[in-house]
Amino acid sequence: MSQLKIYNTLARDKQVFVPMEAGKVGMYVCGMTVYDFCHVGHARMMMAFDVIYRWLMASGYEVKYVRNITDIDDKIIKRAVENGESIKQLVERNVMYMDEDIGALNMLPPTVVPRATEYVPQMLSIIEQLEAKGLAYKSEDGDVNYAVRGFEGYGKLSGKSLDDLRAGERVDLKSTKRDPLDFVLWKAAKESEPAEAKWDSKWGKGRPGWHIECSAMCSATLGEHFDIHGGGADLQFPHHENEIAQSEGAFGGEMVNYWIHNGFVRVDNEKMSKSLGNFFTIRDVLKQYDAEVIRFFILRAHYRSPLNYSDAHIDDAKGALNRLYTALSTVDIDAESPTVDWDEEHAVRFREAMDDDFNTPLAVAELFDLAGEVNRSKSLDAARQLKALAGVLGLLERAPQAYLQGGSDAGDAGVDDAISRRAAAKKARNFAEADAIRAELTAAGIILEDKPDGTTTWRRA
């Protein structure tokens, strides 16, 4: 039986995975800063760790999967002020949109979803510990900063030396930091910022820096030392490097055993990002393509490889997924979900692929081999195995005819009726009833979008 190997960014090599506690895994993943809709780059990151989560569970581990929400941040404050709404209103709306999008993509909910604002006391405690060890100081402008040169291991995750970083730094004449490399732990409050963005501390009113948020949330939910920490490759430096400096500086000892980073989504050889303006929101893409096609498109690439986004690539994924469902449609499979026969040859190779740093392209290749066998022999056992193995990746979980026919318009009147009832409930300020109706529709695969003019549109997931 193969052993699970994970590419550990810290070691710059694949390593056999050995959990700290036999049969259990603690995994923390940096989640969304919820000031806007999620884009396909975000979907790729969350999909990578959804598959890792699924495979760890399929391998028999009890997994505590923590994916945070950043609900206080410069971008969030700026957007809320621009919109003329409270931070809470902006956050709750975008969390709802995020949950709808990732639900449509068939991602499993994490075990724990902490929000940064719920852990401010823990952040303050860590900062106090750093200050006591000479690793944090209050500057003249009221901010509390981390003294990078005081932490001996700084740069070990990214491979950047302090001299390299110093050579590439930008000089800020207004800065009151002792060293340009130092980063903020606690931001002093500004009069222009809303009251809900300010907390009391021994250093005065303010709010946490981004990096300290994750150090507090992961240590509070998984402990000071845990198995896996993940996120996008863009977080390797400075975010994750700074997390290590904070957590190991405060607590001593190693923070994380395995660091996992997924590759970028690229458009015309540029990273997809909001700052470059070349991004596509998940919900816009779902207006054009079936959600399972998008899931399959992402899973056909290895999580650490660049993923090239284009309509042509998604159309190709659609055709490939159609072939898998077409194979299943030729055999009358039981209504109940089949279980994997892990001794069968395709399953053995599927496991070897997934145990080799979650190699989904090779695992998917086994699905196509099985589909070919189903097409040739019309074997019920092969069809069951195909459906069961695909299910490990969150694929082929619908009835083949339902997928191939692209769904049905039957029931549209029922959806419209539910939307009307929800609108009436909102007008009557019965928000619990309105939320319940929305939840029912989401569970049925219906995604709602409330427009600024008060109308509501819907689409099938």
# chains A, B, ... in the order shown; residues from 1 in each chain; ligands from 1
$ residues_around --residues "Ser86 of chain A" --least-positions-apart "2" --cutoff "12 Å" --atoms "only C-alpha atoms" --output "ChimeraX atom specification"
/A:35,71-72,76-84,88-93,193-197
$ write_last_selection --atoms "C-alpha atoms" --output "PDB file, in the first residue's frame"
ATOM      1  CA  TYR A  35     -14.984  42.556   0.644  1.00  0.00           C
ATOM      2  CA  ASP A  71     -13.649  40.135   8.299  1.00  0.00           C
ATOM      3  CA  ILE A  72     -11.599  43.171   9.289  1.00  0.00           C
ATOM      4  CA  ILE A  76     -13.124  45.852   3.904  1.00  0.00           C
ATOM      5  CA  ILE A  77     -13.200  49.190   5.726  1.00  0.00           C
ATOM      6  CA  LYS A  78     -12.638  51.117   2.484  1.00  0.00           C
ATOM      7  CA  ARG A  79     -15.379  49.239   0.609  1.00  0.00           C
ATOM      8  CA  ALA A  80     -17.907  49.593   3.440  1.00  0.00           C
ATOM      9  CA  VAL A  81     -17.291  53.351   3.645  1.00  0.00           C
ATOM     10  CA  GLU A  82     -17.597  53.658  -0.162  1.00  0.00           C
ATOM     11  CA  ASN A  83     -20.891  51.734  -0.075  1.00  0.00           C
ATOM     12  CA  GLY A  84     -22.260  53.748   2.838  1.00  0.00           C
ATOM     13  CA  LYS A  88     -20.987  43.901   9.326  1.00  0.00           C
ATOM     14  CA  GLN A  89     -23.468  44.358   6.466  1.00  0.00           C
ATOM     15  CA  LEU A  90     -20.713  44.132   3.840  1.00  0.00           C
ATOM     16  CA  VAL A  91     -19.152  41.083   5.473  1.00  0.00           C
ATOM     17  CA  GLU A  92     -22.376  39.132   5.974  1.00  0.00           C
ATOM     18  CA  ARG A  93     -23.471  39.678   2.388  1.00  0.00           C
ATOM     19  CA  GLU A 193     -12.313  54.938  10.534  1.00  0.00           C
ATOM     20  CA  PRO A 194     -15.704  53.663  11.777  1.00  0.00           C
ATOM     21  CA  ALA A 195     -16.098  52.783  15.447  1.00  0.00           C
ATOM     22  CA  GLU A 196     -16.736  49.106  14.630  1.00  0.00           C
ATOM     23  CA  ALA A 197     -13.157  48.894  13.305  1.00  0.00           C
TER      24      ALA A 197
END
$ select_by_dssp --residues "segment 250-373 of chain A" --states "strand (DSSP E or B)" --output "PyMOL selection string"
chain A and resi 256-262+265-267+270-271+281+307-308+356
$ write_last_selection --atoms "N, CA and C atoms" --output "PDB file, in the first residue's frame"
ATOM      1  N   VAL A 256       4.394  24.582  12.318  1.00  0.00           N
ATOM      2  CA  VAL A 256       3.690  23.712  11.376  1.00  0.00           C
ATOM      3  C   VAL A 256       4.661  22.685  10.802  1.00  0.00           C
ATOM      4  N   ASN A 257       4.194  21.449  10.606  1.00  0.00           N
ATOM      5  CA  ASN A 257       5.054  20.404  10.046  1.00  0.00           C
ATOM      6  C   ASN A 257       5.089  20.407   8.517  1.00  0.00           C
ATOM      7  N   TYR A 258       3.940  20.694   7.890  1.00  0.00           N
ATOM      8  CA  TYR A 258       3.858  20.660   6.428  1.00  0.00           C
ATOM      9  C   TYR A 258       3.167  21.925   5.925  1.00  0.00           C
ATOM     10  N   TRP A 259       3.884  22.664   5.074  1.00  0.00           N
ATOM     11  CA  TRP A 259       3.321  23.852   4.437  1.00  0.00           C
ATOM     12  C   TRP A 259       2.957  23.504   2.995  1.00  0.00           C
ATOM     13  N   ILE A 260       1.689  23.760   2.608  1.00  0.00           N
ATOM     14  CA  ILE A 260       1.210  23.428   1.268  1.00  0.00           C
ATOM     15  C   ILE A 260       0.727  24.696   0.572  1.00  0.00           C
ATOM     16  N   HIS A 261       1.187  24.906  -0.663  1.00  0.00           N
ATOM     17  CA  HIS A 261       0.779  26.090  -1.430  1.00  0.00           C
ATOM     18  C   HIS A 261       0.322  25.676  -2.824  1.00  0.00           C
ATOM     19  N   ASN A 262      -0.843  26.170  -3.224  1.00  0.00           N
ATOM     20  CA  ASN A 262      -1.347  25.877  -4.573  1.00  0.00           C
ATOM     21  C   ASN A 262      -0.880  26.928  -5.574  1.00  0.00           C
ATOM     22  N   VAL A 265      -3.955  30.735 -10.863  1.00  0.00           N
ATOM     23  CA  VAL A 265      -4.722  30.707 -12.105  1.00  0.00           C
ATOM     24  C   VAL A 265      -4.164  31.827 -12.966  1.00  0.00           C
ATOM     25  N   ARG A 266      -3.902  31.536 -14.237  1.00  0.00           N
ATOM     26  CA  ARG A 266      -3.293  32.519 -15.117  1.00  0.00           C
ATOM     27  C   ARG A 266      -4.206  32.832 -16.293  1.00  0.00           C
ATOM     28  N   VAL A 267      -4.210  34.082 -16.694  1.00  0.00           N
ATOM     29  CA  VAL A 267      -4.946  34.546 -17.870  1.00  0.00           C
ATOM     30  C   VAL A 267      -3.946  35.279 -18.753  1.00  0.00           C
ATOM     31  N   GLU A 270      -0.604  35.975 -17.153  1.00  0.00           N
ATOM     32  CA  GLU A 270      -0.566  36.843 -15.972  1.00  0.00           C
ATOM     33  C   GLU A 270      -1.376  36.178 -14.867  1.00  0.00           C
ATOM     34  N   LYS A 271      -0.927  36.320 -13.632  1.00  0.00           N
ATOM     35  CA  LYS A 271      -1.690  35.801 -12.507  1.00  0.00           C
ATOM     36  C   LYS A 271      -3.061  36.464 -12.476  1.00  0.00           C
ATOM     37  N   THR A 281     -15.310  36.420 -11.725  1.00  0.00           N
ATOM     38  CA  THR A 281     -15.938  35.945 -10.496  1.00  0.00           C
ATOM     39  C   THR A 281     -16.517  34.560 -10.725  1.00  0.00           C
ATOM     40  N   LEU A 307      -2.691  27.088 -13.550  1.00  0.00           N
ATOM     41  CA  LEU A 307      -3.933  26.685 -14.216  1.00  0.00           C
ATOM     42  C   LEU A 307      -4.278  27.775 -15.226  1.00  0.00           C
ATOM     43  N   ASN A 308      -4.236  27.439 -16.496  1.00  0.00           N
ATOM     44  CA  ASN A 308      -4.494  28.428 -17.543  1.00  0.00           C
ATOM     45  C   ASN A 308      -5.986  28.518 -17.818  1.00  0.00           C
ATOM     46  N   ASP A 356       0.615  10.489  -4.133  1.00  0.00           N
ATOM     47  CA  ASP A 356       1.779  11.195  -4.640  1.00  0.00           C
ATOM     48  C   ASP A 356       1.456  12.690  -4.732  1.00  0.00           C
TER      49      ASP A 356
END
$ select_by_dssp --residues "segment 89-321 of chain A" --states "alpha helix (DSSP H)" --output "NGL selection string"
:A and (89-104 or 120-132 or 162-167 or 210-222 or 241-251 or 282-288 or 291-299 or 311-321)
$ closest_residue --among "A:Asp355, A:Asp316, A:Glu336, A:Glu248" --to "Val16 of chain A" --atoms "only C-alpha atoms"
A:Asp355
$ residues_around --residues "Glu292 of chain A" --least-positions-apart "4" --cutoff "9 Å" --atoms "only C-alpha atoms" --output "tab-separated table (two decimals) with C-alpha atoms, in the first residue's frame"
chain	number	residue	atom	x	y	z
A	104	ALA	CA	-22.38	25.25	-6.08
A	105	LEU	CA	-18.86	23.91	-6.76
A	106	ASN	CA	-19.55	21.00	-4.38
A	296	PHE	CA	-13.57	19.21	-13.27
A	297	PHE	CA	-11.61	21.91	-15.14
A	318	LYS	CA	-16.89	20.03	-20.51
A	321	LEU	CA	-16.80	15.33	-18.34
A	394	GLY	CA	-16.62	15.23	-5.70
A	395	LEU	CA	-17.43	14.29	-9.31
A	396	LEU	CA	-20.12	12.24	-11.14
A	461	ALA	CA	-26.05	25.67	-9.56
$ residues_around --residues "segment 145-156 of chain A" --least-positions-apart "6" --cutoff "7 Å" --atoms "only C-alpha atoms" --output "ChimeraX atom specification"
/A:135-138,181-186,241,245,249
$ closest_residue --among "A:Leu235, A:Ile333, A:Leu448, A:Ala250" --to "Lys133 of chain A" --atoms "only C-alpha atoms"
A:Ala250
$ closest_atom_pairs --of "segment 31-94 of chain A" --to "segment 110-121 of chain A" --cutoff "12 Å" --atoms "only C-alpha atoms" --output "Markdown table"
| residue | atom | partner | partner_atom | distance |
| --- | --- | --- | --- | --- |
| A:Gly31 | CA | A:Val113 | CA | 9.0 |
| A:Met32 | CA | A:Arg115 | CA | 10.1 |
| A:Thr33 | CA | A:Ala116 | CA | 10.0 |
| A:Val34 | CA | A:Arg115 | CA | 10.5 |
| A:Met46 | CA | A:Pro110 | CA | 10.3 |
| A:Met47 | CA | A:Pro110 | CA | 11.9 |
| A:Phe49 | CA | A:Pro110 | CA | 9.8 |
| A:Asp50 | CA | A:Pro110 | CA | 8.5 |
| A:Val51 | CA | A:Pro110 | CA | 11.8 |
| A:Ile52 | CA | A:Pro110 | CA | 11.7 |
| A:Tyr53 | CA | A:Pro110 | CA | 8.6 |
| A:Arg54 | CA | A:Pro110 | CA | 10.7 |
| A:Glu62 | CA | A:Thr111 | CA | 10.6 |
| A:Val63 | CA | A:Thr111 | CA | 8.0 |
| A:Lys64 | CA | A:Thr111 | CA | 5.7 |
| A:Tyr65 | CA | A:Thr111 | CA | 5.0 |
| A:Val66 | CA | A:Val112 | CA | 4.8 |
| A:Arg67 | CA | A:Val113 | CA | 5.3 |
| A:Asn68 | CA | A:Pro114 | CA | 4.9 |
| A:Ile69 | CA | A:Arg115 | CA | 4.8 |
| A:Thr70 | CA | A:Ala116 | CA | 5.4 |
| A:Asp71 | CA | A:Ala116 | CA | 6.0 |
| A:Ile72 | CA | A:Thr117 | CA | 6.7 |
| A:Asp73 | CA | A:Ala116 | CA | 9.6 |
| A:Ile87 | CA | A:Thr117 | CA | 11.3 |
| A:Lys88 | CA | A:Thr117 | CA | 10.6 |
| A:Val91 | CA | A:Arg115 | CA | 10.4 |
| A:Glu92 | CA | A:Arg115 | CA | 11.3 |
$ write_last_selection --atoms "N, CA and C atoms" --output "short mmCIF file (atom, residue, chain, number, x, y, z; two decimals), in the first residue's frame"
data_model
loop_
_atom_site.label_atom_id
_atom_site.label_comp_id
_atom_site.auth_asym_id
_atom_site.auth_seq_id
_atom_site.Cartn_x
_atom_site.Cartn_y
_atom_site.Cartn_z
N GLY A 31 -8.26 31.65 4.38
CA GLY A 31 -9.45 31.82 3.56
C GLY A 31 -9.59 33.20 2.97
N MET A 32 -10.84 33.60 2.79
CA MET A 32 -11.14 34.82 2.04
C MET A 32 -11.15 36.09 2.90
N THR A 33 -10.75 37.18 2.28
CA THR A 33 -11.01 38.52 2.81
C THR A 33 -12.28 38.98 2.12
N VAL A 34 -13.37 39.05 2.86
CA VAL A 34 -14.70 39.12 2.25
C VAL A 34 -15.17 40.56 2.00
N MET A 46 -9.45 27.14 -2.85
CA MET A 46 -10.35 26.38 -1.99
C MET A 46 -10.59 24.97 -2.51
N MET A 47 -10.58 24.81 -3.85
CA MET A 47 -10.74 23.48 -4.44
C MET A 47 -9.54 22.60 -4.11
N PHE A 49 -7.68 22.57 -1.50
CA PHE A 49 -7.73 22.07 -0.13
C PHE A 49 -9.00 21.27 0.14
N ASP A 50 -10.03 21.48 -0.66
CA ASP A 50 -11.21 20.61 -0.58
C ASP A 50 -10.80 19.19 -0.97
N VAL A 51 -10.02 19.06 -2.03
CA VAL A 51 -9.57 17.74 -2.49
C VAL A 51 -8.62 17.12 -1.47
N ILE A 52 -7.71 17.92 -0.91
CA ILE A 52 -6.80 17.41 0.13
C ILE A 52 -7.61 16.93 1.33
N TYR A 53 -8.59 17.70 1.73
CA TYR A 53 -9.48 17.34 2.84
C TYR A 53 -10.19 16.02 2.54
N ARG A 54 -10.75 15.90 1.33
CA ARG A 54 -11.46 14.68 0.94
C ARG A 54 -10.53 13.47 0.94
N GLU A 62 -9.17 11.30 10.69
CA GLU A 62 -10.15 12.22 11.27
C GLU A 62 -9.53 13.62 11.12
N VAL A 63 -10.14 14.45 10.30
CA VAL A 63 -9.53 15.74 9.94
C VAL A 63 -10.28 16.90 10.59
N LYS A 64 -9.52 17.76 11.25
CA LYS A 64 -10.07 19.03 11.70
C LYS A 64 -9.57 20.08 10.72
N TYR A 65 -10.46 20.49 9.84
CA TYR A 65 -10.11 21.42 8.75
C TYR A 65 -10.62 22.81 9.12
N VAL A 66 -9.68 23.74 9.28
CA VAL A 66 -10.01 25.12 9.67
C VAL A 66 -9.69 26.04 8.48
N ARG A 67 -10.69 26.76 8.01
CA ARG A 67 -10.46 27.78 6.96
C ARG A 67 -11.09 29.08 7.43
N ASN A 68 -10.26 30.08 7.64
CA ASN A 68 -10.73 31.31 8.29
C ASN A 68 -11.44 32.26 7.33
N ILE A 69 -12.07 33.25 7.91
CA ILE A 69 -12.62 34.39 7.17
C ILE A 69 -12.00 35.65 7.75
N THR A 70 -11.36 36.45 6.89
CA THR A 70 -10.85 37.76 7.32
C THR A 70 -11.98 38.77 7.18
N ASP A 71 -12.50 39.23 8.32
CA ASP A 71 -13.65 40.13 8.30
C ASP A 71 -13.32 41.52 8.84
N ILE A 72 -12.02 41.81 8.99
CA ILE A 72 -11.60 43.17 9.29
C ILE A 72 -10.26 43.39 8.59
N ASP A 73 -10.18 44.48 7.80
CA ASP A 73 -9.03 44.66 6.91
C ASP A 73 -9.20 46.02 6.24
N ILE A 87 -19.58 47.69 8.27
CA ILE A 87 -18.68 46.59 7.96
C ILE A 87 -19.41 45.26 8.08
N LYS A 88 -20.24 45.14 9.10
CA LYS A 88 -20.99 43.90 9.33
C LYS A 88 -21.90 43.59 8.14
N VAL A 91 -19.72 42.41 5.20
CA VAL A 91 -19.15 41.08 5.47
C VAL A 91 -20.20 39.99 5.35
N GLU A 92 -21.36 40.19 5.99
CA GLU A 92 -22.38 39.13 5.97
C GLU A 92 -22.86 38.85 4.56
#
$ atom_distance --atom1 "atom CA of Met123 of chain A" --atom2 "atom CA of Lys205 of chain A"
13.9 Å
$ atom_distance --atom1 "atom CA of Gly230 of chain A" --atom2 "atom CA of Ile282 of chain A"
21.1 Å
$ atom_distance --atom1 "atom CA of Lys427 of chain A" --atom2 "atom CA of Gly103 of chain A"
27.2 Å
$ closest_residue --among "A:Leu56, A:Leu10, A:Leu124, A:Leu130" --to "Pro208 of chain A" --atoms "only C-alpha atoms"
A:Leu124
$ decode --residues "segment 417-431 of chain A" --atoms "N, CA and C atoms" --output "mmCIF file, in the first residue's frame"
data_model
loop_
_atom_site.group_PDB
_atom_site.id
_atom_site.type_symbol
_atom_site.label_atom_id
_atom_site.label_comp_id
_atom_site.auth_asym_id
_atom_site.auth_seq_id
_atom_site.Cartn_x
_atom_site.Cartn_y
_atom_site.Cartn_z
ATOM 1 N N ASP A 417 -42.259 31.200 -7.051
ATOM 2 C CA ASP A 417 -43.179 31.328 -5.914
ATOM 3 C C ASP A 417 -42.403 31.482 -4.611
ATOM 4 N N ALA A 418 -41.331 30.687 -4.454
ATOM 5 C CA ALA A 418 -40.518 30.772 -3.235
ATOM 6 C C ALA A 418 -39.857 32.146 -3.120
ATOM 7 N N ILE A 419 -39.408 32.694 -4.243
ATOM 8 C CA ILE A 419 -38.790 34.018 -4.234
ATOM 9 C C ILE A 419 -39.814 35.080 -3.831
ATOM 10 N N SER A 420 -41.044 34.922 -4.309
ATOM 11 C CA SER A 420 -42.110 35.866 -3.941
ATOM 12 C C SER A 420 -42.398 35.782 -2.445
ATOM 13 N N ARG A 421 -42.433 34.558 -1.911
ATOM 14 C CA ARG A 421 -42.675 34.390 -0.470
ATOM 15 C C ARG A 421 -41.525 34.979 0.342
ATOM 16 N N ARG A 422 -40.311 34.832 -0.162
ATOM 17 C CA ARG A 422 -39.152 35.397 0.536
ATOM 18 C C ARG A 422 -39.228 36.924 0.535
ATOM 19 N N ALA A 423 -39.609 37.504 -0.615
ATOM 20 C CA ALA A 423 -39.726 38.961 -0.706
ATOM 21 C C ALA A 423 -40.772 39.477 0.278
ATOM 22 N N ALA A 424 -41.917 38.741 0.382
ATOM 23 C CA ALA A 424 -42.978 39.140 1.316
ATOM 24 C C ALA A 424 -42.484 39.052 2.758
ATOM 25 N N ALA A 425 -41.699 38.018 3.055
ATOM 26 C CA ALA A 425 -41.167 37.856 4.407
ATOM 27 C C ALA A 425 -40.200 38.987 4.755
ATOM 28 N N LYS A 426 -39.366 39.365 3.787
ATOM 29 C CA LYS A 426 -38.429 40.464 4.025
ATOM 30 C C LYS A 426 -39.175 41.780 4.245
ATOM 31 N N LYS A 427 -40.237 41.982 3.457
ATOM 32 C CA LYS A 427 -41.024 43.215 3.595
ATOM 33 C C LYS A 427 -41.671 43.285 4.967
ATOM 34 N N ALA A 428 -42.068 42.117 5.472
ATOM 35 C CA ALA A 428 -42.686 42.048 6.803
ATOM 36 C C ALA A 428 -41.637 42.014 7.912
ATOM 37 N N ARG A 429 -40.347 42.124 7.510
ATOM 38 C CA ARG A 429 -39.212 42.096 8.438
ATOM 39 C C ARG A 429 -39.109 40.763 9.169
ATOM 40 N N ASN A 430 -39.646 39.716 8.541
ATOM 41 C CA ASN A 430 -39.510 38.368 9.088
ATOM 42 C C ASN A 430 -38.267 37.753 8.443
ATOM 43 N N PHE A 431 -37.103 38.209 8.903
ATOM 44 C CA PHE A 431 -35.853 37.831 8.244
ATOM 45 C C PHE A 431 -35.506 36.364 8.465
#
